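Visitor: So that you have it, the file is work.cif, and it contains mmCIF, C-alpha atoms:
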```
data_structure
loop_
_atom_site.label_atom_id
_atom_site.label_comp_id
_atom_site.auth_asym_id
_atom_site.auth_seq_id
_atom_site.Cartn_x
_atom_site.Cartn_y
_atom_site.Cartn_z
CA MET A 266 120.06 100.61 74.36
CA ASP A 267 119.50 97.29 72.63
CA ASN A 268 116.07 97.29 70.94
CA LYS A 269 115.06 93.98 72.44
CA ILE A 270 115.79 95.14 75.98
CA LEU A 271 113.94 98.40 75.39
CA ILE A 272 110.88 96.50 74.13
CA ALA A 273 111.02 93.96 76.97
CA GLN A 274 111.22 96.76 79.56
CA ARG A 275 108.16 98.48 78.11
CA VAL A 276 106.16 95.22 77.94
CA ALA A 277 107.01 94.55 81.60
CA ARG A 278 105.21 97.75 82.58
CA GLU A 279 101.96 96.38 81.10
CA LEU A 280 101.85 93.54 83.61
CA LYS A 281 99.88 93.78 86.85
CA ASP A 282 100.50 92.22 90.22
CA GLY A 283 99.01 88.73 90.31
CA ASP A 284 98.76 88.28 86.54
CA LEU A 285 99.15 84.80 85.04
CA VAL A 286 101.38 85.40 82.01
CA ASN A 287 102.63 83.28 79.12
CA LEU A 288 105.80 84.54 77.44
CA GLY A 289 106.78 83.30 73.98
CA ILE A 290 110.26 82.08 73.12
CA GLY A 291 112.87 84.72 72.26
CA LEU A 292 112.32 88.42 72.90
CA PRO A 293 109.14 87.88 75.00
CA THR A 294 111.10 85.66 77.41
CA LEU A 295 113.27 88.71 78.30
CA VAL A 296 110.23 90.46 79.81
CA ALA A 297 110.58 88.44 83.02
CA ASN A 298 113.96 90.14 83.65
CA TYR A 299 112.47 93.64 83.79
CA LEU A 300 109.49 93.38 86.11
CA PRO A 301 109.03 96.30 88.51
CA ALA A 302 110.08 95.30 92.04
CA ASP A 303 106.55 95.57 93.46
CA ILE A 304 104.97 93.37 90.77
CA ASN A 305 104.71 89.63 91.23
CA ILE A 306 103.39 87.60 88.35
CA LEU A 307 103.04 83.88 87.78
CA LEU A 308 104.43 82.55 84.50
CA GLN A 309 102.70 79.73 82.67
CA SER A 310 104.78 77.29 80.63
CA GLU A 311 102.52 75.57 78.09
CA ASN A 312 104.43 72.29 78.25
CA GLY A 313 102.85 71.81 81.65
CA PHE A 314 103.27 74.11 84.63
CA THR A 315 102.53 77.37 86.33
CA GLY A 316 105.31 79.04 88.28
CA LEU A 317 108.05 78.96 85.65
CA GLY A 318 111.21 80.27 87.32
CA PRO A 319 114.61 81.40 86.06
CA ALA A 320 117.17 79.06 84.51
CA PRO A 321 118.92 76.97 87.19
CA ALA A 322 122.63 77.05 88.03
CA ALA A 323 124.58 74.48 86.01
CA ASP A 324 124.91 72.17 89.03
CA ALA A 325 121.19 72.37 89.88
CA VAL A 326 119.66 71.32 86.55
CA ASP A 327 116.74 68.88 86.66
CA PRO A 328 116.46 67.74 83.02
CA ASP A 329 112.78 66.89 83.48
CA ILE A 330 111.95 70.52 84.34
CA VAL A 331 112.24 72.53 81.13
CA ASN A 332 110.47 75.50 79.58
CA ALA A 333 108.41 75.33 76.38
CA GLY A 334 111.64 75.68 74.38
CA ALA A 335 113.12 72.62 76.16
CA ALA A 336 115.71 74.78 77.98
CA PRO A 337 116.43 73.94 81.65
CA ALA A 338 114.08 75.82 83.98
CA THR A 339 112.91 75.93 87.59
CA ILE A 340 109.53 76.00 89.28
CA VAL A 341 108.85 78.64 91.94
CA LYS A 342 107.06 78.14 95.26
CA GLY A 343 103.33 77.93 94.60
CA GLY A 344 103.84 76.46 91.14
CA ALA A 345 102.12 73.32 89.85
CA PHE A 346 102.80 70.71 87.19
CA PHE A 347 100.01 69.35 84.98
CA ASP A 348 99.36 67.61 81.67
CA SER A 349 98.83 69.28 78.29
CA ALA A 350 95.02 69.04 78.43
CA THR A 351 95.03 71.03 81.68
CA SER A 352 97.67 73.40 80.33
CA PHE A 353 95.56 74.28 77.30
CA GLY A 354 92.39 74.36 79.39
CA ILE A 355 94.11 77.11 81.35
CA ILE A 356 95.02 78.85 78.09
CA ARG A 357 91.75 78.52 76.14
CA GLY A 358 89.61 78.97 79.24
CA GLY A 359 90.64 82.59 79.72
CA HIS A 360 92.75 81.94 82.82
CA VAL A 361 95.89 83.46 81.28
CA ASP A 362 95.74 87.23 81.79
CA VAL A 363 98.42 88.22 79.30
CA THR A 364 100.34 86.49 76.54
CA VAL A 365 103.37 88.11 74.92
CA LEU A 366 104.41 86.83 71.48
CA GLY A 367 106.56 87.81 68.55
CA ALA A 368 105.12 88.20 65.05
CA LEU A 369 106.07 88.13 61.39
CA GLN A 370 103.15 90.43 60.51
CA VAL A 371 100.35 92.26 62.32
CA ASP A 372 97.57 94.24 60.65
CA GLU A 373 94.96 96.96 61.24
CA LYS A 374 92.33 94.44 62.34
CA GLY A 375 94.57 92.87 64.95
CA ASN A 376 95.19 89.83 62.76
CA ILE A 377 98.54 88.19 63.34
CA ALA A 378 100.78 85.89 61.27
CA ASN A 379 103.63 84.21 63.11
CA TYR A 380 103.82 80.50 62.35
CA MET A 381 104.86 80.01 58.75
CA ILE A 382 106.26 81.46 55.55
CA PRO A 383 104.95 79.04 52.89
CA GLY A 384 107.72 77.27 51.01
CA LYS A 385 110.41 78.79 53.22
CA MET A 386 109.95 78.38 56.94
CA VAL A 387 107.26 76.22 58.50
CA PRO A 388 107.99 75.66 62.19
CA GLY A 389 104.31 75.18 63.06
CA MET A 390 102.02 77.00 65.44
CA GLY A 391 102.80 75.05 68.61
CA GLY A 392 100.58 76.62 71.25
CA ALA A 393 100.36 80.06 69.60
CA MET A 394 96.87 79.67 68.08
CA ASP A 395 95.45 78.60 71.44
CA LEU A 396 97.20 81.43 73.30
CA LEU A 397 95.96 84.00 70.81
CA SER A 398 92.37 82.83 71.03
CA GLY A 399 92.33 82.23 74.78
CA ALA A 400 94.48 84.79 76.59
CA ARG A 401 92.63 87.83 77.95
CA LYS A 402 95.20 90.27 76.60
CA VAL A 403 97.56 89.73 73.66
CA ILE A 404 100.72 91.82 73.40
CA VAL A 405 102.91 91.56 70.32
CA ALA A 406 106.52 92.38 71.21
CA MET A 407 108.73 92.73 68.17
CA GLU A 408 111.14 94.96 66.29
CA HIS A 409 109.18 97.40 64.16
CA THR A 410 110.53 96.15 60.81
CA ALA A 411 112.34 93.07 59.52
CA LYS A 412 115.57 94.31 57.90
CA GLY A 413 113.71 97.42 56.77
CA ALA A 414 110.62 95.58 55.51
CA ALA A 415 107.34 96.63 57.17
CA LYS A 416 105.71 94.13 59.53
CA ILE A 417 102.77 96.29 60.56
CA LEU A 418 100.52 96.17 57.49
CA PRO A 419 97.03 97.16 56.29
CA GLU A 420 96.39 93.42 55.89
CA CYS A 421 98.58 90.40 56.67
CA THR A 422 99.78 88.53 53.58
CA LEU A 423 101.11 85.40 55.34
CA PRO A 424 98.85 82.62 56.68
CA LEU A 425 97.17 83.91 59.84
CA THR A 426 97.78 82.48 63.28
CA ALA A 427 94.65 84.21 64.61
CA VAL A 428 92.02 86.71 63.55
CA ASN A 429 91.29 89.93 65.41
CA ALA A 430 93.38 88.80 68.36
CA VAL A 431 96.05 91.42 69.07
CA ASP A 432 95.44 94.16 71.67
CA LEU A 433 98.78 95.95 71.84
CA ILE A 434 101.91 96.16 69.67
CA ILE A 435 105.13 97.22 71.38
CA THR A 436 108.21 97.95 69.25
CA GLU A 437 111.39 99.97 69.68
CA MET A 438 109.59 102.88 67.98
CA GLY A 439 106.48 103.06 70.10
CA VAL A 440 103.33 101.55 71.54
CA ILE A 441 100.37 100.89 69.24
CA GLU A 442 96.89 99.94 70.41
CA VAL A 443 94.55 97.93 68.17
CA THR A 444 91.10 99.57 68.28
CA ASP A 445 87.84 99.25 66.33
CA LYS A 446 88.90 102.34 64.37
CA GLY A 447 92.35 100.95 63.53
CA LEU A 448 95.87 101.19 64.91
CA VAL A 449 96.41 104.04 67.36
CA LEU A 450 99.95 105.19 68.19
CA LYS A 451 99.79 105.89 71.94
CA GLU A 452 103.48 106.32 72.72
CA LEU A 453 106.43 107.41 70.62
CA ASN A 454 110.06 106.66 71.43
CA PRO A 455 111.65 110.15 71.47
CA GLU A 456 114.62 108.69 69.56
CA TYR A 457 112.38 108.64 66.48
CA THR A 458 110.20 111.21 64.70
CA LEU A 459 106.56 110.61 63.83
CA GLU A 460 107.56 110.63 60.17
CA GLN A 461 110.08 107.86 60.72
CA VAL A 462 107.48 105.70 62.46
CA LYS A 463 104.90 106.30 59.71
CA GLU A 464 107.49 105.42 57.09
CA ALA A 465 108.30 102.15 58.84
CA THR A 466 104.60 101.26 59.17
CA GLN A 467 102.62 100.26 56.07
CA ALA A 468 99.34 100.27 57.98
CA ASN A 469 97.46 103.50 58.53
CA LEU A 470 98.49 104.91 61.93
CA ILE A 471 96.07 107.04 63.90
CA ILE A 472 98.03 109.38 66.17
CA SER A 473 96.54 109.51 69.65
CA ASP A 474 95.43 112.98 70.88
CA SER A 475 97.30 112.16 74.06
CA LEU A 476 100.48 110.86 72.40
CA ALA A 477 103.08 110.31 75.10
CA ASP A 478 106.79 109.60 75.18
CA MET A 479 107.64 105.90 75.35
CA VAL A 480 109.71 105.41 78.46
CA MET B 53 98.35 41.11 87.52
CA ASN B 54 101.69 41.95 86.00
CA LYS B 55 101.69 43.93 82.76
CA LEU B 56 105.47 43.87 82.32
CA ILE B 57 106.68 42.79 78.88
CA THR B 58 110.02 43.10 77.11
CA ILE B 59 110.72 45.94 74.70
CA GLU B 60 110.95 43.37 71.89
CA GLN B 61 107.46 42.09 72.76
CA ALA B 62 106.24 45.67 72.78
CA MET B 63 107.52 46.18 69.24
CA ASP B 64 105.42 43.23 68.00
CA PHE B 65 102.28 45.33 68.57
CA ILE B 66 103.35 47.89 65.94
CA LYS B 67 102.82 46.78 62.33
CA ASP B 68 103.78 48.43 59.06
CA GLY B 69 101.17 51.06 58.21
CA ASP B 70 99.96 51.53 61.82
CA THR B 71 99.16 54.84 63.47
CA ILE B 72 101.01 55.55 66.72
CA PHE B 73 100.70 58.14 69.48
CA VAL B 74 103.97 59.00 71.18
CA GLY B 75 104.15 61.06 74.39
CA GLY B 76 106.70 63.76 75.18
CA PHE B 77 107.36 67.42 74.51
CA LEU B 78 110.57 68.20 72.64
CA ALA B 79 111.89 64.81 73.77
CA VAL B 80 111.24 65.49 77.46
CA GLY B 81 108.91 62.81 78.80
CA SER B 82 109.35 60.65 75.69
CA PRO B 83 109.59 56.83 75.80
CA HIS B 84 113.18 56.87 74.59
CA LEU B 85 113.89 53.13 74.76
CA LEU B 86 110.70 52.26 72.87
CA ILE B 87 111.52 54.85 70.20
CA SER B 88 115.06 53.49 69.81
CA ALA B 89 113.69 49.95 69.54
CA LEU B 90 111.21 51.07 66.87
CA VAL B 91 114.06 52.64 64.90
CA LYS B 92 116.01 49.38 65.18
CA ARG B 93 112.95 47.33 64.17
CA GLY B 94 112.50 49.57 61.13
CA THR B 95 108.68 49.35 60.99
CA LYS B 96 107.56 51.36 57.94
CA ASN B 97 104.77 53.59 56.64
CA LEU B 98 103.73 54.66 60.11
CA THR B 99 101.50 57.61 60.90
CA LEU B 100 102.85 59.51 63.91
CA ILE B 101 100.74 61.65 66.21
CA CYS B 102 102.97 63.60 68.58
CA ASN B 103 103.21 67.14 69.98
CA ASP B 104 106.37 67.85 67.96
CA THR B 105 108.93 65.96 65.89
CA GLY B 106 111.73 66.27 68.44
CA PHE B 107 115.28 66.65 67.21
CA PRO B 108 117.12 64.73 64.45
CA GLU B 109 119.13 62.77 67.02
CA LEU B 110 116.62 62.71 69.86
CA GLY B 111 113.05 61.58 70.53
CA VAL B 112 110.59 60.84 67.70
CA GLY B 113 112.85 62.84 65.39
CA LYS B 114 114.85 59.64 64.94
CA LEU B 115 111.80 58.02 63.28
CA VAL B 116 111.68 60.96 60.86
CA VAL B 117 115.37 60.68 60.00
CA ASN B 118 115.05 56.90 59.56
CA ARG B 119 112.18 57.53 57.10
CA GLN B 120 109.66 55.33 58.89
CA LEU B 121 106.78 57.80 58.68
CA LYS B 122 104.37 58.49 55.85
CA LYS B 123 102.25 61.02 57.73
CA ILE B 124 102.67 63.16 60.84
CA TYR B 125 100.09 65.05 62.90
CA THR B 126 101.95 67.56 65.07
CA SER B 127 101.93 71.13 66.38
CA HIS B 128 105.60 71.96 65.83
CA ILE B 129 108.41 70.78 63.55
CA GLY B 130 110.79 73.72 64.00
CA THR B 131 113.40 71.80 66.01
CA ASN B 132 113.83 69.08 63.40
CA LYS B 133 114.96 70.38 60.01
CA GLU B 134 114.59 66.93 58.44
CA THR B 135 110.80 67.01 59.01
CA GLY B 136 110.59 70.33 57.19
CA ARG B 137 112.77 69.03 54.37
CA GLN B 138 110.66 65.88 53.89
CA MET B 139 107.48 67.97 53.99
CA MET B 140 108.70 70.50 51.39
CA ALA B 141 109.96 67.68 49.16
CA GLY B 142 106.57 65.95 49.36
CA GLU B 143 108.12 62.83 50.89
CA THR B 144 106.16 62.91 54.14
CA GLU B 145 102.72 64.40 54.72
CA VAL B 146 102.68 66.79 57.68
CA VAL B 147 99.43 68.04 59.19
CA LEU B 148 100.02 70.98 61.53
CA VAL B 149 97.55 71.05 64.41
CA PRO B 150 97.35 73.64 67.21
CA GLN B 151 98.80 72.08 70.36
CA GLY B 152 95.68 72.55 72.47
CA THR B 153 93.53 71.09 69.71
CA LEU B 154 95.79 68.06 69.22
CA ILE B 155 95.64 67.06 72.89
CA GLU B 156 91.85 67.50 72.85
CA GLN B 157 91.49 65.33 69.71
CA ILE B 158 93.47 62.62 71.51
CA ARG B 159 91.39 63.10 74.65
CA ALA B 160 88.17 62.86 72.62
CA ALA B 161 89.35 59.53 71.19
CA GLY B 162 90.26 58.12 74.59
CA TYR B 163 87.31 59.56 76.50
CA GLY B 164 84.50 58.53 74.13
CA LEU B 165 83.65 61.98 72.77
CA GLY B 166 82.51 62.74 69.23
CA GLY B 167 84.87 65.69 69.08
CA VAL B 168 85.50 69.01 70.75
CA LEU B 169 84.42 72.56 69.98
CA THR B 170 87.17 75.17 70.08
CA ARG B 171 87.65 78.74 68.94
CA THR B 172 91.33 78.02 68.28
CA GLY B 173 92.11 78.17 64.56
CA LEU B 174 88.95 80.02 63.45
CA GLY B 175 89.69 82.14 60.38
CA THR B 176 93.00 80.33 59.72
CA GLU B 177 94.11 77.50 57.44
CA VAL B 178 93.40 75.11 60.30
CA ALA B 179 89.66 75.74 59.84
CA LYS B 180 89.63 74.81 56.14
CA GLY B 181 87.11 72.08 55.36
CA LYS B 182 85.93 71.84 58.96
CA GLU B 183 82.44 72.34 60.30
CA ILE B 184 81.66 75.55 62.22
CA VAL B 185 79.18 75.01 65.06
CA LYS B 186 77.35 77.96 66.58
CA VAL B 187 76.69 77.73 70.31
CA ASP B 188 74.57 80.54 71.77
CA GLY B 189 75.62 82.76 68.89
CA VAL B 190 79.36 82.05 69.18
CA ASP B 191 81.27 80.22 66.43
CA PHE B 192 83.33 77.17 67.30
CA LEU B 193 85.37 74.80 65.16
CA LEU B 194 84.41 71.13 65.36
CA GLU B 195 87.57 69.09 65.85
CA LYS B 196 87.01 65.35 65.61
CA PRO B 197 88.71 62.63 67.65
CA ILE B 198 91.97 61.24 66.34
CA PHE B 199 92.61 57.52 66.79
CA ALA B 200 95.72 55.36 66.86
CA ASP B 201 96.61 51.69 67.04
CA VAL B 202 99.29 51.97 69.71
CA SER B 203 100.18 54.59 72.35
CA LEU B 204 103.80 54.72 73.48
CA ILE B 205 104.20 56.77 76.66
CA ALA B 206 106.72 57.31 79.44
CA ALA B 207 106.46 57.84 83.20
CA HIS B 208 108.83 58.05 86.14
CA LYS B 209 107.11 55.44 88.21
CA GLY B 210 104.66 52.69 87.39
CA ASP B 211 103.20 49.88 89.46
CA THR B 212 102.58 46.40 88.10
CA PHE B 213 98.90 47.29 87.54
CA GLY B 214 99.93 50.17 85.28
CA ASN B 215 99.17 53.11 87.57
CA LEU B 216 101.59 55.88 86.64
CA PHE B 217 103.30 58.80 88.35
CA TYR B 218 105.24 61.57 86.58
CA HIS B 219 107.82 64.11 87.71
CA GLY B 220 108.29 67.68 86.52
CA ALA B 221 107.20 68.72 83.05
CA THR B 222 107.07 65.16 81.69
CA ARG B 223 103.33 64.57 82.10
CA ASN B 224 102.59 66.66 78.97
CA PHE B 225 100.89 64.42 76.35
CA ASN B 226 101.58 61.13 78.20
CA ASN B 227 98.71 61.25 80.66
CA ILE B 228 95.94 61.78 78.09
CA THR B 229 97.57 59.71 75.36
CA ALA B 230 97.44 56.68 77.68
CA SER B 231 93.66 56.62 77.25
CA ALA B 232 93.55 56.77 73.49
CA GLY B 233 95.57 53.93 71.90
CA LYS B 234 93.94 50.58 71.16
CA VAL B 235 97.02 49.26 72.94
CA THR B 236 98.92 51.47 75.40
CA ILE B 237 102.48 50.65 76.38
CA ALA B 238 104.13 52.66 79.14
CA GLU B 239 107.90 52.82 79.55
CA VAL B 240 108.63 53.41 83.24
CA LYS B 241 111.89 54.44 84.85
CA GLU B 242 111.00 52.81 88.15
CA LEU B 243 108.76 49.75 88.37
CA VAL B 244 107.10 49.01 91.73
CA GLU B 245 104.54 46.54 93.08
CA ALA B 246 100.84 47.41 92.92
CA GLY B 247 100.00 49.50 95.97
CA GLN B 248 103.41 51.14 96.13
CA ILE B 249 102.10 54.34 94.52
CA ASP B 250 99.68 56.18 96.82
CA PRO B 251 96.27 56.00 95.06
CA ASP B 252 95.78 59.68 95.99
CA ILE B 253 98.67 60.73 93.76
CA VAL B 254 98.27 58.39 90.79
CA HIS B 255 98.36 60.59 87.68
CA THR B 256 97.30 57.98 85.11
CA PRO B 257 94.95 55.21 86.27
CA GLY B 258 96.31 51.77 85.39
CA VAL B 259 93.10 50.86 83.51
CA PHE B 260 94.43 52.92 80.58
CA VAL B 261 97.72 51.02 80.46
CA ASN B 262 97.85 47.58 78.82
CA PHE B 263 101.57 46.88 79.08
CA LEU B 264 104.67 48.16 80.85
CA VAL B 265 108.29 48.06 79.84
CA GLN B 266 111.31 48.80 81.99
CA GLY B 267 112.67 52.17 80.89
CA GLY B 268 115.37 54.67 81.73
CA GLU B 269 115.55 58.43 81.83
CA LEU B 270 112.66 60.46 80.38
CA HIS B 271 114.92 63.06 78.79
CA GLY B 272 117.67 62.87 76.20
#
```
Rewrite the structure from the file as C-alpha cells, please.

Guide:
Amino acid sequence: MDNKILIAQRVARELKDGDLVNLGIGLPTLVANYLPADINILLQSENGFTGLGPAPAADAVDPDIVNAGAAPATIVKGGAFFDSATSFGIIRGGHVDVTVLGALQVDEKGNIANYMIPGKMVPGMGGAMDLLSGARKVIVAMEHTAKGAAKILPECTLPLTAVNAVDLIITEMGVIEVTDKGLVLKELNPEYTLEQVKEATQANLIISDSLADMV
Amino acid sequence: MNKLITIEQAMDFIKDGDTIFVGGFLAVGSPHLLISALVKRGTKNLTLICNDTGFPELGVGKLVVNRQLKKIYTSHIGTNKETGRQMMAGETEVVLVPQGTLIEQIRAAGYGLGGVLTRTGLGTEVAKGKEIVKVDGVDFLLEKPIFADVSLIAAHKGDTFGNLFYHGATRNFNNITASAGKVTIAEVKELVEAGQIDPDIVHTPGVFVNFLVQGGELHG
C-alpha cells in the first residue's frame, strides 16, 4: 500500500466523533477520505470556515469557496464562514480538538520544524505556529525519513515552528507518542523490524511494554 | 452620503513609500481591480502587509513582480517564487509573521489596543527581540499593533454608506483590515443604496470604510 494512504488511514483512527479538526495541506488532507463510517468530524479551514467539505464537481465550483490551499472546496450543512480573527480565535483558543500537520523534523521534546530551510526553501509558517500552540492535540503525519535522511531527531536543527507541541507522530513504520520521558514507540508496522525503525530514527526510541501491531 | 470614487481617485491616496494593507487569502477576496490599478500606477517603495504574497500573475503577487515593494509583512510566500527570490537576493525585506498574529496586530491597530498577548511563536525566531509578558505564571509574547496608511479591501456587496457583506471564504483579512488603515477603500462587486443590506447581516460596519470603488469578481 502507498505510504501516504497507510499513514492517513492510521491518523483517521485517532479522530473521535464530534471532533473539530484542522488538516494541513498534502498528506494530512487525505485523512478525511479514511474516516470510519460511524465517526463524524467537523473540519476547520483556517482561511475562514468550519464545515470544510470535499472538492466540488467541476460544474459546481464556487470560486469564492476554497480551502486553505486555494483549491475549490465546499461547505457542509452546519458549517459557518467567518473572518481570520475569528478563525484564529478558534485555533488559539483551544477550540480545535486535533490538528494534523506534516514536518521536516520532529525531536524528543516534541519540538517541530516545518516552515523553512534557511537559504533554500522559505514558504513561511502560514497558520502552522498558531495551530501548534492552540490545538488540543497535535499529530504529525509524515513519511519516516526524507530520501533516507532521518527526520525524527534528538534535537531539531532547523528553525522551530513550535516548542514542545507534538503529541503523536504517525509514519509508515509506526506510531510514536511524545512523553515526558521521550519518544515511545507504541505501534510497529509488521512490514518492518524494530531494528529497521531504530535505524531510520536518530532520536532515542523507547519501546513500549505493550508494543502493538500498527493496523 | 455617497462614498463612491473612481479607481483613479483611489490611487491618489497611495504615495511612494506608503504602507498598505491588502485583504485576501491567496488572491481569494482580494481587491483585484485596485491591485491592477496600483501596478499600472507604478507607485514605488511600498510596504505591503498582507496574509500572503499571492501568485506571480494574480493578487498582490503582481506588486512583487513589478518591484513596487521594499518590505513585506506576511505569513506565507510559498505560492510566489518571485517573493522568495527577492528575499534571498536581499532586494526586498520580508518579515514572516504567524497568520493568527498578523491579523491580531492589524486588529490591535484598528481597535485601539496597545498590542496582543499570544503564545504563538514562543521559543521560535518569531519571538526574537520581543517582550515576554507573564500572566498568572504563563508566558505570552507581546505583539504590537501594525499600522498602515491605506487599507485596500474587497467585498461582494457594499451600500453607499460603506456597510459591507461578504460571501464564502472571502471575508478573511478584509473585515478586520477595514478598521486599521488611515484611509480604507473597499472594492465592491455589487453597489447598493444605503439600507439595502439588512443591518442584521452587515459584516463590516460602514464607519470603517472611507471610500468605495466599483469592483468585479473577488477571485482570480

Visitor: Which residues are close to His84 (chain B), i.e. within 10 Å by all atoms listed in the file, leaving aside same-chain residues fewer than 2 positions away? Reply as a list of chain:residue names.

Guide: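 My reading of the contact set: B:Gly75, B:Gly76, B:Ala79, B:Val80, B:Gly81, B:Ser82, B:Leu86, B:Ile87, B:Ser88, B:Ala89, B:Leu90, B:Leu110, B:Gly111, B:Val112, B:Leu204, B:Ile205, B:Ala206, B:Glu239, B:Gly267, B:Gly268, B:Glu269, B:Leu270, B:His271, B:Gly272.
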
Visitor: Find the spatial neighbours of region 312-315 of chain A, counting only C-alpha atoms, within a cut-off of 8 Å - ignore same-chain residues fewer than 4 positions away - and output them as an MDAnalysis selection string.

Guide: (chainID A and resid 307:308 332:333 340 344:349 351:352) or (chainID B and resid 77 221:224)

Visitor: Could you write out that same residue set with C-alpha atoms as a short mmCIF file (atom, residue, chain, number, x, y, z; two decimals), in the coordinates of the input?

Guide:
```cif
data_model
loop_
_atom_site.label_atom_id
_atom_site.label_comp_id
_atom_site.auth_asym_id
_atom_site.auth_seq_id
_atom_site.Cartn_x
_atom_site.Cartn_y
_atom_site.Cartn_z
CA LEU A 307 103.04 83.88 87.78
CA LEU A 308 104.43 82.55 84.50
CA ASN A 332 110.47 75.50 79.58
CA ALA A 333 108.41 75.33 76.38
CA ILE A 340 109.53 76.00 89.28
CA GLY A 344 103.84 76.46 91.14
CA ALA A 345 102.12 73.32 89.85
CA PHE A 346 102.80 70.71 87.19
CA PHE A 347 100.01 69.35 84.98
CA ASP A 348 99.36 67.61 81.67
CA SER A 349 98.83 69.28 78.29
CA THR A 351 95.03 71.03 81.68
CA SER A 352 97.67 73.40 80.33
CA PHE B 77 107.36 67.42 74.51
CA ALA B 221 107.20 68.72 83.05
CA THR B 222 107.07 65.16 81.69
CA ARG B 223 103.33 64.57 82.10
CA ASN B 224 102.59 66.66 78.97
#
```

Visitor: Residues of chain B within 6 Å of chain A, counting only C-alpha atoms - could you list those as a PyMOL selection string?

Guide: chain B and resi 127-130+150-152+155+172+176+220-221+223-225

Visitor: Just how far from CA of Phe199 (chain B) is CA of Ala232 (chain B), in Å to one decimal?

Guide: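 Between CA of Ala232 (chain B) and CA of Phe199 (chain B) the gap works out to 6.8 Å.
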
Visitor: Counting only C-alpha atoms, which residue out of B:Glu156, B:Glu143, B:Asp201, B:Glu109 sits closest to Leu169 (chain B)?

Guide: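 Looking at the shortest contact to Leu169 (chain B), the residue is B:Glu156.
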
Visitor: I would like the residues chosen by the PyMOL selection byres ((chain B and resi 55-69) around 8) on the shown file; could you give them as a list in words?

Guide: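 That selection, the PyMOL selection byres ((chain B and resi 55-69) around 8), comes back as Met53, Asn54, Asp70, Thr71, Leu85, Leu86, Ala89, Leu90, Arg93, Thr95, Lys96, Asn97, Leu98, Thr99, Asp201, Val202, Thr212, Phe213, Gly214, Val235, Ile237, Asn262, Phe263, Leu264, Val265 and Gln266 of chain B.
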
Visitor: So that all listed atoms of region 57-66 of chain B fit with 6 Å spare on each side, what axis-aligned box centre and edge lengths in Å, to one decimal, would you give as AutoDock Vina command-line options?

Guide:
```
--center_x 106.6 --center_y 45.0 --center_z 72.4 --size_x 20.7 --size_y 17.8 --size_z 24.9
```

Visitor: What separation in Å, quoted to one decimal, exists between CA of Thr466 (chain A) and CA of Leu423 (chain A)?

Guide: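 Computed distance, CA of Thr466 (chain A) to CA of Leu423 (chain A), equals 16.7 Å.
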
Visitor: Could you tell me how far CA of Met407 (chain A) lies from CA of Ile434 (chain A), in Å and to one decimal?

Guide: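 Taking CA of Met407 (chain A) as the start and CA of Ile434 (chain A) as the end point, the length is 7.8 Å.
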
Visitor: Expanded to explicit residues, what is the PyMOL selection byres ((chain A and resi 372) around 10) for this file, as a list in words?

Guide: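 Selected by the PyMOL selection byres ((chain A and resi 372) around 10) in this file: Gln370, Val371, Glu373, Lys374, Gly375, Asn376, Ile377, Ala378, Lys416, Ile417, Leu418, Pro419, Glu420, Cys421, Thr422, Val428, Asn429, Val431, Val443, Gly447, Leu448, Gln467, Ala468 and Asn469 of chain A.
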
Visitor: Which residues are near Tyr218 (chain B)? Cut-off 9 Å, only C-alpha atoms, ignore same chain within fewer than 6 positions. Put them as a PyMOL selection string.

Guide: chain B and resi 81+206-210+227+254-256

Visitor: What would the selection look like, as a list in words, if the PyMOL selection byres ((chain A and resi 410) around 10) were run on the coordinates I just shared?

Guide: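 Selection result, ordered by chain and number: Leu369, Gln370, Met407, Glu408, His409, Ala411, Lys412, Gly413, Ala414, Ala415, Lys416, Ile417, Thr436, Glu437, Met438, Ala465 and Thr466 of chain A.
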
Visitor: Any idea what's packed within 9 Å of Asp478 (chain A), counting all atoms listed in the file, ignoring anything in its chain fewer than 3 positions away? Could you give it as a PDB file with C-alpha atoms, keeping the file's coordinate frame?

Guide:
```pdb
ATOM      1  CA  GLY A 439     106.480 103.060  70.100  1.00  0.00           C
ATOM      2  CA  LYS A 451      99.790 105.890  71.940  1.00  0.00           C
ATOM      3  CA  GLU A 452     103.480 106.320  72.720  1.00  0.00           C
ATOM      4  CA  LEU A 453     106.430 107.410  70.620  1.00  0.00           C
ATOM      5  CA  ASN A 454     110.060 106.660  71.430  1.00  0.00           C
ATOM      6  CA  PRO A 455     111.650 110.150  71.470  1.00  0.00           C
TER       7      PRO A 455
END
```

Visitor: Using only C-alpha atoms, pick whichever of B:Leu115, B:Met140, B:Leu194, B:Ala230 has the shortest atom-to-atom distance to Ile158 (chain B).

Guide: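 Comparing B:Leu115, B:Met140, B:Leu194, B:Ala230 against Ile158 (chain B), the winner is B:Ala230.
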
Visitor: Between A:Ala322, A:Leu285, A:Leu476, A:Ile290, which residue has the minimum interatomic distance to Val361 (chain A), considering all atoms listed in the file?

Guide: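 Smallest distance to Val361 (chain A) is found for A:Leu285.
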